[in-house]
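With compact mmCIF, C-alpha atoms inside, this is work31.txt:
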```txt
# COMPACT_ATOMS: atom_id res chain seq x y z
CA MET Q 1 32.88 134.93 107.80
CA ARG Q 2 31.48 133.48 104.56
CA ILE Q 3 32.83 133.59 101.01
CA PRO Q 4 29.38 134.33 99.50
CA ASP Q 5 29.17 137.45 101.69
CA ILE Q 6 32.62 138.57 100.55
CA ILE Q 7 31.64 138.08 96.90
CA HIS Q 8 28.39 140.01 97.52
CA LYS Q 9 30.28 142.98 99.00
CA LYS Q 10 32.58 143.27 96.00
CA GLN Q 11 29.68 142.83 93.56
CA HIS Q 12 28.15 145.90 95.20
CA LYS Q 13 31.37 147.92 94.93
CA GLN Q 14 32.19 147.79 98.64
CA ALA Q 15 35.77 147.65 99.91
CA LEU Q 16 36.87 144.36 101.44
CA THR Q 17 38.65 144.34 104.80
CA ALA Q 18 42.13 142.91 105.24
CA SER Q 19 40.69 139.99 107.22
CA GLU Q 20 38.14 139.21 104.49
CA ILE Q 21 40.85 139.22 101.83
CA ALA Q 22 43.11 137.01 103.98
CA TYR Q 23 40.20 134.62 104.62
CA PHE Q 24 39.65 134.23 100.88
CA ILE Q 25 43.34 133.74 100.00
CA ASP Q 26 43.98 131.32 102.87
CA GLY Q 27 40.88 129.32 101.96
CA TYR Q 28 41.66 129.20 98.25
CA THR Q 29 45.26 128.13 98.88
CA ALA Q 30 44.10 125.39 101.26
CA GLY Q 31 41.33 124.21 98.92
CA THR Q 32 38.41 125.06 101.22
CA VAL Q 33 37.34 127.81 98.80
CA GLY Q 34 36.47 126.37 95.40
CA ASP Q 35 37.32 127.53 91.90
CA ASP Q 36 33.70 128.58 91.37
CA GLN Q 37 33.72 130.99 94.30
CA ALA Q 38 37.22 132.28 93.49
CA ALA Q 39 36.19 132.89 89.87
CA ALA Q 40 33.11 134.80 91.03
CA LEU Q 41 35.21 137.06 93.25
CA CYS Q 42 37.80 137.63 90.52
CA MET Q 43 35.03 138.63 88.12
CA ALA Q 44 33.57 141.03 90.72
CA ILE Q 45 37.03 142.56 91.13
CA TRP Q 46 37.38 142.77 87.34
CA PHE Q 47 34.16 144.79 87.10
CA ASN Q 48 34.45 146.91 90.26
CA GLY Q 49 38.16 147.13 91.01
CA MET Q 50 39.97 147.55 94.31
CA ASP Q 51 41.38 150.62 96.02
CA ASN Q 52 45.08 150.87 96.87
CA ARG Q 53 44.62 149.55 100.40
CA GLU Q 54 42.64 146.52 99.23
CA THR Q 55 45.20 145.78 96.51
CA ALA Q 56 48.05 145.97 99.02
CA ASP Q 57 46.20 143.69 101.46
CA LEU Q 58 45.53 141.20 98.65
CA THR Q 59 49.21 141.27 97.68
CA MET Q 60 50.42 140.72 101.23
CA ALA Q 61 47.96 137.86 101.80
CA MET Q 62 49.24 136.17 98.63
CA ALA Q 63 52.86 136.75 99.67
CA ARG Q 64 52.12 135.10 103.04
CA SER Q 65 50.51 132.05 101.37
CA GLY Q 66 53.87 130.29 101.07
CA ASP Q 67 57.51 130.62 102.08
CA GLN Q 68 58.89 133.99 103.16
CA VAL Q 69 62.53 134.15 102.08
CA ASP Q 70 64.85 135.29 104.86
CA LEU Q 71 67.82 137.20 103.46
CA SER Q 72 69.03 138.56 106.79
CA GLY Q 73 72.22 136.55 106.29
CA ILE Q 74 73.22 139.01 103.56
CA GLU Q 75 74.75 142.22 104.90
CA GLY Q 76 73.71 145.43 103.16
CA ILE Q 77 70.64 146.78 101.38
CA LYS Q 78 69.37 144.11 99.02
CA VAL Q 79 67.59 145.29 95.85
CA ASP Q 80 65.37 143.12 93.64
CA LYS Q 81 64.60 144.02 90.02
CA HIS Q 82 61.60 142.97 87.97
CA SER Q 83 60.68 143.55 84.33
CA SER Q 84 57.10 143.11 83.16
CA GLY Q 85 58.37 141.26 80.08
CA GLY Q 86 59.02 141.88 76.43
CA VAL Q 87 61.34 141.00 73.56
CA ALA Q 88 65.16 141.18 73.71
CA ASP Q 89 65.02 142.44 77.31
CA THR Q 90 68.41 141.17 78.45
CA THR Q 91 68.88 143.77 81.16
CA THR Q 92 69.09 141.53 84.23
CA ILE Q 93 72.07 139.51 83.00
CA ALA Q 94 74.12 142.71 82.64
CA VAL Q 95 72.55 144.87 85.38
CA GLY Q 96 73.29 142.39 88.18
CA PRO Q 97 77.05 142.10 87.60
CA LEU Q 98 77.32 145.80 86.77
CA ALA Q 99 75.63 146.82 90.02
CA ALA Q 100 77.76 144.35 91.99
CA ALA Q 101 80.95 145.72 90.41
CA CYS Q 102 79.95 149.13 91.79
CA GLY Q 103 79.29 147.87 95.32
CA GLY Q 104 75.57 147.16 95.05
CA LEU Q 105 73.59 144.02 95.84
CA LEU Q 106 71.12 142.44 93.40
CA VAL Q 107 69.17 139.43 94.66
CA LYS Q 108 66.76 138.02 92.13
CA MET Q 109 64.48 135.06 91.60
CA SER Q 110 63.54 134.99 87.94
CA GLY Q 111 61.05 133.19 85.74
CA ARG Q 112 60.96 131.43 82.40
CA GLY Q 113 59.74 132.71 79.06
CA LEU Q 114 56.19 132.17 77.86
CA GLY Q 115 54.63 133.38 74.62
CA HIS Q 116 56.61 136.15 72.95
CA SER Q 117 58.41 137.17 76.17
CA GLY Q 118 61.81 135.70 76.93
CA GLY Q 119 62.76 134.38 80.37
CA THR Q 120 65.96 135.19 82.24
CA LEU Q 121 66.34 131.59 83.48
CA ASP Q 122 66.26 130.22 79.94
CA LYS Q 123 68.94 132.70 78.90
CA LEU Q 124 71.20 131.82 81.83
CA GLU Q 125 70.76 128.09 81.21
CA SER Q 126 72.23 128.56 77.73
CA ILE Q 127 75.56 129.11 79.54
CA PRO Q 128 77.19 125.66 79.89
CA GLY Q 129 76.83 124.41 83.47
CA TYR Q 130 74.92 127.39 84.90
CA ASN Q 131 72.60 126.04 87.61
CA VAL Q 132 69.53 128.21 88.32
CA HIS Q 133 68.36 125.83 91.06
CA GLN Q 134 70.22 126.79 94.24
CA LYS Q 135 69.50 125.99 97.87
CA MET Q 136 68.76 129.10 99.90
CA GLU Q 137 72.01 128.82 101.85
CA ASP Q 138 73.92 128.70 98.55
CA PHE Q 139 71.95 131.65 97.17
CA ILE Q 140 72.94 133.68 100.23
CA ARG Q 141 76.56 132.49 100.01
CA ILE Q 142 76.80 133.53 96.35
CA VAL Q 143 75.43 137.01 97.04
CA ASN Q 144 77.79 137.45 99.99
CA THR Q 145 80.69 136.37 97.77
CA CYS Q 146 80.06 138.39 94.61
CA GLY Q 147 77.11 140.74 95.26
CA VAL Q 148 74.69 139.17 92.79
CA SER Q 149 72.76 135.96 92.23
CA ILE Q 150 69.98 135.13 89.79
CA ILE Q 151 68.11 131.88 90.42
CA GLY Q 152 64.71 130.29 89.81
CA GLN Q 153 61.92 130.94 92.26
CA THR Q 154 60.79 128.03 94.43
CA ALA Q 155 57.42 126.33 93.98
CA THR Q 156 56.48 127.40 97.51
CA LEU Q 157 56.90 131.11 96.80
CA ALA Q 158 53.43 132.77 96.75
CA PRO Q 159 51.54 129.58 95.79
CA ALA Q 160 48.24 131.50 95.99
CA ASP Q 161 49.38 133.57 93.01
CA LYS Q 162 50.21 130.50 90.92
CA LYS Q 163 46.82 128.95 91.66
CA LEU Q 164 44.88 132.18 91.18
CA TYR Q 165 46.66 133.09 87.94
CA ALA Q 166 45.76 129.74 86.38
CA LEU Q 167 42.13 130.40 87.27
CA ARG Q 168 42.21 133.97 85.94
CA ASP Q 169 43.71 132.71 82.69
CA VAL Q 170 40.69 130.51 81.95
CA THR Q 171 38.04 132.95 83.25
CA SER Q 172 39.20 136.04 81.31
CA THR Q 173 40.04 137.99 84.45
CA VAL Q 174 43.78 138.46 83.84
CA ASP Q 175 43.61 142.06 82.59
CA THR Q 176 42.61 144.05 85.66
CA MET Q 177 45.08 146.28 87.47
CA PRO Q 178 44.62 145.04 91.08
CA LEU Q 179 45.08 141.40 90.08
CA ILE Q 180 48.04 142.13 87.78
CA ALA Q 181 49.79 144.26 90.40
CA SER Q 182 49.18 141.82 93.26
CA SER Q 183 50.42 138.90 91.15
CA ILE Q 184 53.74 140.62 90.40
CA MET Q 185 54.30 142.17 93.82
CA SER Q 186 53.31 139.13 95.91
CA LYS Q 187 56.33 137.24 94.57
CA LYS Q 188 58.59 140.26 95.04
CA LEU Q 189 57.51 140.73 98.67
CA ALA Q 190 57.91 137.01 99.44
CA ALA Q 191 61.41 136.99 97.92
CA GLY Q 192 62.82 138.90 100.88
CA SER Q 193 64.64 141.88 99.36
CA ASP Q 194 64.79 145.25 101.11
CA ARG Q 195 63.88 147.36 98.07
CA ILE Q 196 62.26 146.73 94.70
CA LEU Q 197 62.98 148.23 91.28
CA LEU Q 198 60.35 147.71 88.57
CA ASP Q 199 60.71 148.05 84.80
CA VAL Q 200 57.13 148.34 83.51
CA LYS Q 201 56.90 147.99 79.74
CA TRP Q 202 54.41 149.68 77.44
CA GLY Q 203 53.79 149.17 73.72
CA ASN Q 204 52.89 146.49 71.21
CA GLY Q 205 55.35 144.03 72.74
CA ALA Q 206 54.12 144.56 76.31
CA PHE Q 207 51.11 143.62 78.42
CA MET Q 208 50.26 147.33 78.80
CA PRO Q 209 49.70 148.80 75.32
CA THR Q 210 49.73 152.51 76.31
CA VAL Q 211 51.83 154.76 78.52
CA PRO Q 212 48.87 155.77 80.76
CA GLN Q 213 48.05 152.11 81.43
CA ALA Q 214 51.66 151.28 82.23
CA VAL Q 215 51.94 154.34 84.48
CA GLU Q 216 48.78 153.31 86.35
CA LEU Q 217 50.12 149.80 86.90
CA ALA Q 218 53.49 151.18 88.02
CA ARG Q 219 51.85 153.58 90.50
CA ILE Q 220 49.75 150.80 92.01
CA MET Q 221 52.81 148.59 92.50
CA VAL Q 222 54.83 151.42 94.01
CA GLU Q 223 51.96 152.02 96.48
CA ILE Q 224 51.92 148.31 97.36
CA GLY Q 225 55.64 148.47 98.12
CA LYS Q 226 55.09 151.53 100.31
CA HIS Q 227 52.24 149.81 102.18
CA ALA Q 228 54.46 146.76 102.78
CA GLY Q 229 57.41 148.83 104.00
CA LYS Q 230 59.51 148.00 100.93
CA PRO Q 231 60.67 151.18 99.14
CA THR Q 232 59.78 150.67 95.45
CA ARG Q 233 60.55 152.60 92.27
CA ALA Q 234 59.32 151.99 88.74
CA LEU Q 235 60.53 152.96 85.29
CA VAL Q 236 57.98 152.96 82.47
CA THR Q 237 59.88 151.96 79.33
CA ASP Q 238 59.20 151.50 75.62
CA MET Q 239 58.56 148.06 74.11
CA ASN Q 240 57.42 149.08 70.62
CA GLN Q 241 60.48 147.38 69.19
CA PRO Q 242 62.85 144.77 70.65
CA LEU Q 243 64.87 146.39 73.42
CA GLY Q 244 68.13 144.89 72.21
CA ASN Q 245 69.21 143.45 68.89
CA ALA Q 246 69.40 139.80 69.97
CA VAL Q 247 66.21 137.73 70.38
CA GLY Q 248 66.91 134.21 71.62
CA ASN Q 249 68.60 132.76 74.67
CA ALA Q 250 72.29 132.30 73.84
CA LEU Q 251 72.17 135.26 71.46
CA GLU Q 252 70.92 137.50 74.28
CA VAL Q 253 73.74 136.32 76.54
CA ILE Q 254 76.15 137.25 73.75
CA GLU Q 255 74.68 140.75 73.56
CA ALA Q 256 74.88 141.18 77.35
CA VAL Q 257 78.53 140.12 77.32
CA LYS Q 258 79.29 142.50 74.46
CA ILE Q 259 77.76 145.37 76.41
CA LEU Q 260 79.85 144.54 79.47
CA ARG Q 261 82.91 144.37 77.18
CA GLY Q 262 82.12 147.84 75.86
CA GLU Q 263 81.48 146.47 72.35
CA ALA Q 264 77.80 147.41 71.91
CA GLU Q 265 75.68 150.57 72.06
CA GLY Q 266 71.98 151.35 71.85
CA ASP Q 267 68.76 151.29 73.85
CA LEU Q 268 69.59 148.09 75.73
CA LYS Q 269 72.87 149.49 77.02
CA GLU Q 270 71.27 152.80 78.00
CA LEU Q 271 68.53 151.06 79.98
CA ILE Q 272 71.08 148.76 81.63
CA ILE Q 273 73.02 151.82 82.81
CA THR Q 274 69.87 153.59 84.02
CA LEU Q 275 68.58 150.57 85.95
CA THR Q 276 71.99 150.03 87.54
CA VAL Q 277 72.13 153.67 88.63
CA GLU Q 278 68.69 153.27 90.26
CA ILE Q 279 69.86 150.15 92.13
CA LEU Q 280 72.96 151.91 93.45
CA VAL Q 281 70.99 154.91 94.69
CA MET Q 282 68.20 152.77 96.17
CA GLY Q 283 70.86 150.65 97.87
CA GLU Q 284 72.47 153.81 99.30
CA ILE Q 285 75.80 153.08 97.63
CA TYR Q 286 75.69 156.56 96.07
CA ASP Q 287 73.74 159.65 97.09
CA THR Q 288 72.99 160.96 93.61
CA PRO Q 289 72.28 159.41 90.21
CA GLU Q 290 75.05 161.54 88.74
CA ASP Q 291 77.71 160.06 91.03
CA ALA Q 292 76.37 156.55 90.48
CA ARG Q 293 76.41 156.95 86.70
CA VAL Q 294 80.07 157.99 86.72
CA ARG Q 295 80.96 154.79 88.57
CA VAL Q 296 78.77 152.61 86.33
CA VAL Q 297 80.41 153.91 83.17
CA GLN Q 298 83.81 153.36 84.75
CA ALA Q 299 82.92 149.73 85.58
CA LEU Q 300 82.04 149.13 81.93
CA HIS Q 301 85.32 150.63 80.77
CA ASP Q 302 87.72 149.05 83.29
CA GLY Q 303 86.42 145.48 82.86
CA SER Q 304 85.24 145.05 86.46
CA ALA Q 305 81.63 144.46 85.39
CA LEU Q 306 82.67 141.69 83.00
CA ARG Q 307 84.82 140.09 85.70
CA LYS Q 308 81.84 140.18 88.06
CA LEU Q 309 79.73 138.33 85.46
CA GLU Q 310 82.47 135.69 85.18
CA GLN Q 311 82.47 135.30 88.96
CA MET Q 312 78.67 134.98 89.13
CA ILE Q 313 78.66 132.34 86.39
CA GLU Q 314 81.40 130.33 88.10
CA LEU Q 315 79.66 130.42 91.49
CA HIS Q 316 76.51 129.03 89.84
CA GLY Q 317 78.46 126.12 88.35
CA GLY Q 318 78.81 127.61 84.87
CA ASP Q 319 81.78 128.07 82.59
CA PRO Q 320 83.06 131.66 82.96
CA ALA Q 321 85.20 131.25 79.83
CA VAL Q 322 82.12 132.10 77.73
CA CYS Q 323 82.75 135.77 78.58
CA ASN Q 324 85.98 135.67 76.59
CA ASP Q 325 85.06 133.00 74.04
CA LEU Q 326 81.48 133.43 72.86
CA SER Q 327 81.78 130.36 70.63
CA LEU Q 328 81.44 128.24 73.78
CA LEU Q 329 77.76 129.18 73.85
CA PRO Q 330 75.28 127.07 71.84
CA GLN Q 331 75.53 127.75 68.10
CA ALA Q 332 72.79 127.29 65.50
CA GLY Q 333 73.47 125.21 62.41
CA ARG Q 334 72.34 127.84 59.88
CA VAL Q 335 72.16 131.64 59.66
CA VAL Q 336 69.62 133.00 57.17
CA ALA Q 337 69.06 136.68 56.31
CA ALA Q 338 65.56 138.18 56.32
CA VAL Q 339 65.82 140.94 53.71
CA ALA Q 340 63.77 144.09 53.12
CA GLU Q 341 61.15 143.79 50.40
CA SER Q 342 61.22 147.56 49.71
CA SER Q 343 63.37 150.63 50.37
CA GLY Q 344 62.57 153.29 52.94
CA TYR Q 345 62.65 154.08 56.64
CA ILE Q 346 61.60 151.57 59.27
CA ILE Q 347 58.57 153.33 60.71
CA GLY Q 348 57.35 150.69 63.14
CA MET Q 349 57.49 147.12 64.36
CA GLU Q 350 55.00 144.62 65.75
CA THR Q 351 57.23 143.54 68.60
CA GLY Q 352 55.11 140.66 69.84
CA SER Q 353 55.13 139.11 66.38
CA ILE Q 354 58.92 139.43 66.18
CA GLY Q 355 59.18 137.54 69.44
CA LEU Q 356 56.76 134.89 68.21
CA SER Q 357 58.81 134.40 65.04
CA THR Q 358 61.67 133.13 67.22
CA VAL Q 359 59.29 131.00 69.30
CA MET Q 360 58.33 129.23 66.04
CA LEU Q 361 62.00 128.25 65.68
CA GLY Q 362 62.18 126.88 69.24
CA ALA Q 363 63.60 129.90 71.11
CA GLY Q 364 60.59 130.14 73.43
CA ARG Q 365 57.44 128.44 74.64
CA GLU Q 366 53.79 128.55 73.71
CA ARG Q 367 53.06 126.16 76.61
CA LYS Q 368 54.92 125.88 79.89
CA ASP Q 369 56.20 122.35 79.16
CA ASP Q 370 57.61 123.16 75.70
CA ALA Q 371 61.33 122.48 75.17
CA VAL Q 372 63.60 125.42 74.29
CA ASP Q 373 66.51 125.43 71.85
CA PRO Q 374 69.08 127.83 73.38
CA ALA Q 375 70.94 128.42 70.10
CA VAL Q 376 68.16 129.73 67.88
CA GLY Q 377 66.67 133.19 67.43
CA LEU Q 378 67.46 136.28 65.45
CA TRP Q 379 69.80 139.27 65.45
CA MET Q 380 68.29 142.59 64.40
CA LYS Q 381 70.29 144.53 61.81
CA LYS Q 382 68.00 147.57 61.63
CA ARG Q 383 65.88 149.52 64.12
CA ILE Q 384 63.03 152.01 63.95
CA GLY Q 385 64.22 155.17 62.19
CA ASP Q 386 66.94 153.43 60.15
CA TYR Q 387 66.91 153.64 56.35
CA VAL Q 388 67.03 150.34 54.50
CA GLU Q 389 67.51 149.45 50.84
CA LYS Q 390 65.44 146.76 49.15
CA GLY Q 391 67.25 143.45 49.54
CA GLU Q 392 69.25 144.65 52.56
CA PRO Q 393 69.18 142.38 55.65
CA LEU Q 394 66.73 143.43 58.37
CA ALA Q 395 67.78 140.54 60.60
CA GLU Q 396 69.74 137.32 60.64
CA PHE Q 397 67.85 134.20 61.74
CA HIS Q 398 69.79 131.52 63.62
CA ILE Q 399 68.10 128.21 62.80
CA ASN Q 400 68.38 124.54 63.72
CA ASP Q 401 64.94 123.07 63.00
CA THR Q 402 63.87 124.15 59.51
CA ARG Q 403 60.22 123.07 59.78
CA ASN Q 404 58.88 126.55 60.52
CA GLU Q 405 61.74 128.50 58.96
CA GLN Q 406 59.83 130.14 56.10
CA GLU Q 407 56.76 130.90 58.18
CA ALA Q 408 58.90 132.50 60.90
CA ILE Q 409 60.75 134.73 58.44
CA GLU Q 410 57.49 135.74 56.74
CA LEU Q 411 55.96 136.62 60.13
CA PHE Q 412 59.00 138.74 60.92
CA LEU Q 413 58.87 140.57 57.60
CA ARG Q 414 55.17 141.36 58.08
CA ALA Q 415 56.03 142.74 61.50
CA VAL Q 416 58.56 145.30 60.21
CA HIS Q 417 56.88 148.30 58.56
CA ILE Q 418 58.74 150.42 55.99
CA GLY Q 419 57.63 153.90 54.86
CA SER Q 420 58.89 156.99 53.11
CA GLU Q 421 59.13 159.35 56.11
CA LYS Q 422 61.58 158.98 58.97
CA PRO Q 423 59.55 158.58 62.21
CA GLU Q 424 60.02 160.72 65.29
CA LYS Q 425 62.05 158.91 67.96
CA LYS Q 426 60.12 158.09 71.12
CA PRO Q 427 61.81 158.38 74.53
CA LEU Q 428 63.04 155.06 75.87
CA ILE Q 429 61.91 155.97 79.41
CA ALA Q 430 58.45 157.54 79.55
CA GLU Q 431 58.32 158.12 83.31
CA ILE Q 432 60.03 157.26 86.60
CA ILE Q 433 57.75 156.73 89.61
CA GLY Q 434 58.70 156.29 93.23
```
Translate the structure of the given file into structure tokens.
Amino acid sequence: MRIPDIIHKKQHKQALTASEIAYFIDGYTAGTVGDDQAAALCMAIWFNGMDNRETADLTMAMARSGDQVDLSGIEGIKVDKHSSGGVADTTTIAVGPLAAACGGLLVKMSGRGLGHSGGTLDKLESIPGYNVHQKMEDFIRIVNTCGVSIIGQTATLAPADKKLYALRDVTSTVDTMPLIASSIMSKKLAAGSDRILLDVKWGNGAFMPTVPQAVELARIMVEIGKHAGKPTRALVTDMNQPLGNAVGNALEVIEAVKILRGEAEGDLKELIITLTVEILVMGEIYDTPEDARVRVVQALHDGSALRKLEQMIELHGGDPAVCNDLSLLPQAGRVVAAVAESSGYIIGMETGSIGLSTVMLGAGRERKDDAVDPAVGLWMKKRIGDYVEKGEPLAEFHINDTRNEQEAIELFLRAVHIGSEKPEKKPLIAEIIG
């Protein structure tokens, strides 16, 4: 078997066999296949695509390139959840404890933020003492104790994906469905859960700009899960405005806590409930979404979900008192209002730019080694469809470093569009696949 022959087949739109795909991935991981040959094959895939079987075989080969997490020490059906990224997507921090309070199991290895998208690990690390780096035996112990654990993924999880993604990034071959889907799902398969729930975003704050593109990606990933024997479901959800009102690490923890306290409403809470219902049905805790939803709402009202978050934080070395005293979380030195420059309805937002405005203040990263300030960010005061008067606050910026303050606020204001007609509300969930 030769790599040039494999490249030639894909250049001529022929399907690769599972053994050919495995030969390429094993060789590239080991270093016997060079960047030049890997780039050529990625470009051939970019032009000619892969069918569902090829994409699944690629995913499984990448998953097998490193450690395979063994979660057999956890009794019950273990569900993993993944979001394709966005702004103010704080779902995991609330969904995990909420599902656990209802008898479900959420096991999750999360990532860090990059660009305009926030990372769950960065948000959790804004909680004093919370340790995202856990040994596997401790990860299993925590889940067995409280039903939920969220930690950082190990460097040996799907190393082929890490190496291949870096190559795709510099060869302009990131944006092709088979390579996107295999990148996401290889890590999910290697992480050892029994079932996988996907939240695939669409819109101007997401990697997929349209519903059809997001649906296509979701369908491919659901098929990969089926091929691998891991039942998978996907929600296609709107990211044409920040999902929640808080953008920034400690601020997003505050919003998650407020939702679990029953003190906040809106799109973020509705998606948290919907995702939790899916986890409980996939985990066979409840037979129907209707029964699961009744229990989820009860857990929000009776305080059991909040208590489960406190327990999870404590088991990870953090201070659970933050759930009752939000002032224990990092606080910014200044709060500055970004005010509307005209009156009218908010007719749209450039969500990616809103996320980047907080990155400019230190809430996120433009490069992987950038430091993050957990206290800074913004809190939305208005959403699409709301009426606003000139001079009324659209958001409050939480600021420590003032160097980019004015530029960040100006970027935010350019990203919020005001018009005379109230826009039609789009559905939060465009489609559920699985």
*Name the residues in contact with range 198-202 of chain Q at a cut-off of 10 Å, using all atoms listed in the file, excluding same-chain residues fewer than 5 positions from it; report them as JSON, numbers by chain.*
{"Q": [80, 81, 82, 83, 84, 85, 86, 91, 184, 185, 207, 208, 209, 210, 211, 212, 213, 214, 215, 217, 218, 221, 222, 232, 233, 234, 235, 236, 237, 238, 239, 240, 271, 275, 429, 430, 431, 432, 433, 434]}
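Considering only C-alpha atoms, the residue among Q:Gly225, Q:Gly111, Q:Gly266, Q:Pro427 positioned nearest to Asp57 in chain Q is Q:Gly225.
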Mind running range 125-210 of chain Q against range 46-51 of chain Q at 7 Å and telling me each contacting residue's nearest atom pair with the distance in Å (one decimal), counting only C-alpha atoms, chain and number ascending, as CSV?
```
residue,atom,partner,partner_atom,distance
Q:Thr173,CA,Q:Trp46,CA,6.2
Q:Thr176,CA,Q:Trp46,CA,5.6
Q:Pro178,CA,Q:Met50,CA,6.2
```
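Here CA of Lys135 in chain Q stands at a distance of 27.0 Å from CA of Leu328 in chain Q.
CA of Asn204 in chain Q is found 19.2 Å from CA of Asp386 in chain Q.
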*Tell me which protein, DNA and RNA residues are within 12 Å of range 16-24 of chain Q, counting only C-alpha atoms, leaving out same-chain ones fewer than 4 positions away, and put them as a VMD selection string.*
chain Q and resid 1 to 12 28 to 35 37 to 42 44 to 45 48 to 65 160 164
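Here CA of Asp89 in chain Q stands at a distance of 22.3 Å from CA of Gly303 in chain Q.
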I'd like the neighbourhood of range 353-357 of chain Q as a PDB file with C-alpha atoms, in the frame of the given file, where a residue qualifies if any of its atoms comes within 6 Å (using all atoms listed in the file), though same-chain residues fewer than 5 positions away should be ignored.
```pdb
ATOM      1  CA  VAL Q  87      61.340 141.000  73.560  1.00  0.00           C
ATOM      2  CA  HIS Q 116      56.610 136.150  72.950  1.00  0.00           C
ATOM      3  CA  ALA Q 408      58.900 132.500  60.900  1.00  0.00           C
ATOM      4  CA  PHE Q 412      59.000 138.740  60.920  1.00  0.00           C
TER       5      PHE Q 412
END
```
*Using all atoms listed in the file, which residues sit within 6 Å of range 95-104 of chain Q once same-chain residues fewer than 3 positions away are excluded, as a list in words?*
Thr91, Thr92, Gly147, Val148, Ile272, Thr276, Leu280, Ser304, Ala305, Lys308 and Leu309 of chain Q
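Residue nearest Leu105 in chain Q, chosen from Q:Ser342, Q:Ser193, Q:Thr402, Q:Gln298 and counting only C-alpha atoms: Q:Ser193.
Summary of the local environment: counting all atoms listed in the file, residues at most 8 Å from Ala371 in chain Q, other than itself and those fewer than 3 positions away along its chain, are Gly362, Gly364 and Arg365 of chain Q.
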*Nearest to Val281 in chain Q among Q:Asp325, Q:Arg293, Q:Ser172, Q:Tyr165, with distances taken over only C-alpha atoms: which residue is it?*
Q:Arg293
*asked:* Under the rule that all atoms listed in the file are counted, which of Q:Arg367, Q:Lys163, Q:Ala375, Q:Leu243 is the nearest residue to Gly27 in chain Q?
replied: Q:Lys163
Adding 8 Å on each side of the box along x, y and z that holds all listed atoms of range 260-263 of chain Q, could you give its centre and edge lengths in Å to one decimal, as JSON?
```
{"center_x": 81.4, "center_y": 146.1, "center_z": 75.9, "size_x": 19.1, "size_y": 19.5, "size_z": 23.1}
```
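Remark: for Leu413 in chain Q, the closest of the candidate residues Q:Ala88, Q:Met380, Q:Leu157, Q:Ala191 is Q:Met380 (distances computed over only C-alpha atoms).
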*asked:* Please determine, counting all atoms listed in the file, which residue among Q:Asp194, Q:Glu125, Q:Asp138, Q:Asp287 has the shortest atom-to-atom distance to Pro374 in chain Q.
replied: Q:Glu125
*asked:* Counting all atoms listed in the file, I want the residues whose atoms come within 12 Å of (64.3, 133.3, 87.7) in the file frame, returned as a ChimeraX atom specification.
replied: /Q:80-83,92-93,107-113,118-125,131-134,149-155,157,187-188,191
File of the preceding selection, C-alpha atoms, as a PDB file, keeping the file's coordinate frame:
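Listing of part-v4.pdb after writing:
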```pdb
ATOM      1  CA  ASP Q  80      65.370 143.120  93.640  1.00  0.00           C
ATOM      2  CA  LYS Q  81      64.600 144.020  90.020  1.00  0.00           C
ATOM      3  CA  HIS Q  82      61.600 142.970  87.970  1.00  0.00           C
ATOM      4  CA  SER Q  83      60.680 143.550  84.330  1.00  0.00           C
ATOM      5  CA  THR Q  92      69.090 141.530  84.230  1.00  0.00           C
ATOM      6  CA  ILE Q  93      72.070 139.510  83.000  1.00  0.00           C
ATOM      7  CA  VAL Q 107      69.170 139.430  94.660  1.00  0.00           C
ATOM      8  CA  LYS Q 108      66.760 138.020  92.130  1.00  0.00           C
ATOM      9  CA  MET Q 109      64.480 135.060  91.600  1.00  0.00           C
ATOM     10  CA  SER Q 110      63.540 134.990  87.940  1.00  0.00           C
ATOM     11  CA  GLY Q 111      61.050 133.190  85.740  1.00  0.00           C
ATOM     12  CA  ARG Q 112      60.960 131.430  82.400  1.00  0.00           C
ATOM     13  CA  GLY Q 113      59.740 132.710  79.060  1.00  0.00           C
ATOM     14  CA  GLY Q 118      61.810 135.700  76.930  1.00  0.00           C
ATOM     15  CA  GLY Q 119      62.760 134.380  80.370  1.00  0.00           C
ATOM     16  CA  THR Q 120      65.960 135.190  82.240  1.00  0.00           C
ATOM     17  CA  LEU Q 121      66.340 131.590  83.480  1.00  0.00           C
ATOM     18  CA  ASP Q 122      66.260 130.220  79.940  1.00  0.00           C
ATOM     19  CA  LYS Q 123      68.940 132.700  78.900  1.00  0.00           C
ATOM     20  CA  LEU Q 124      71.200 131.820  81.830  1.00  0.00           C
ATOM     21  CA  GLU Q 125      70.760 128.090  81.210  1.00  0.00           C
ATOM     22  CA  ASN Q 131      72.600 126.040  87.610  1.00  0.00           C
ATOM     23  CA  VAL Q 132      69.530 128.210  88.320  1.00  0.00           C
ATOM     24  CA  HIS Q 133      68.360 125.830  91.060  1.00  0.00           C
ATOM     25  CA  GLN Q 134      70.220 126.790  94.240  1.00  0.00           C
ATOM     26  CA  SER Q 149      72.760 135.960  92.230  1.00  0.00           C
ATOM     27  CA  ILE Q 150      69.980 135.130  89.790  1.00  0.00           C
ATOM     28  CA  ILE Q 151      68.110 131.880  90.420  1.00  0.00           C
ATOM     29  CA  GLY Q 152      64.710 130.290  89.810  1.00  0.00           C
ATOM     30  CA  GLN Q 153      61.920 130.940  92.260  1.00  0.00           C
ATOM     31  CA  THR Q 154      60.790 128.030  94.430  1.00  0.00           C
ATOM     32  CA  ALA Q 155      57.420 126.330  93.980  1.00  0.00           C
ATOM     33  CA  LEU Q 157      56.900 131.110  96.800  1.00  0.00           C
ATOM     34  CA  LYS Q 187      56.330 137.240  94.570  1.00  0.00           C
ATOM     35  CA  LYS Q 188      58.590 140.260  95.040  1.00  0.00           C
ATOM     36  CA  ALA Q 191      61.410 136.990  97.920  1.00  0.00           C
TER      37      ALA Q 191
END
```
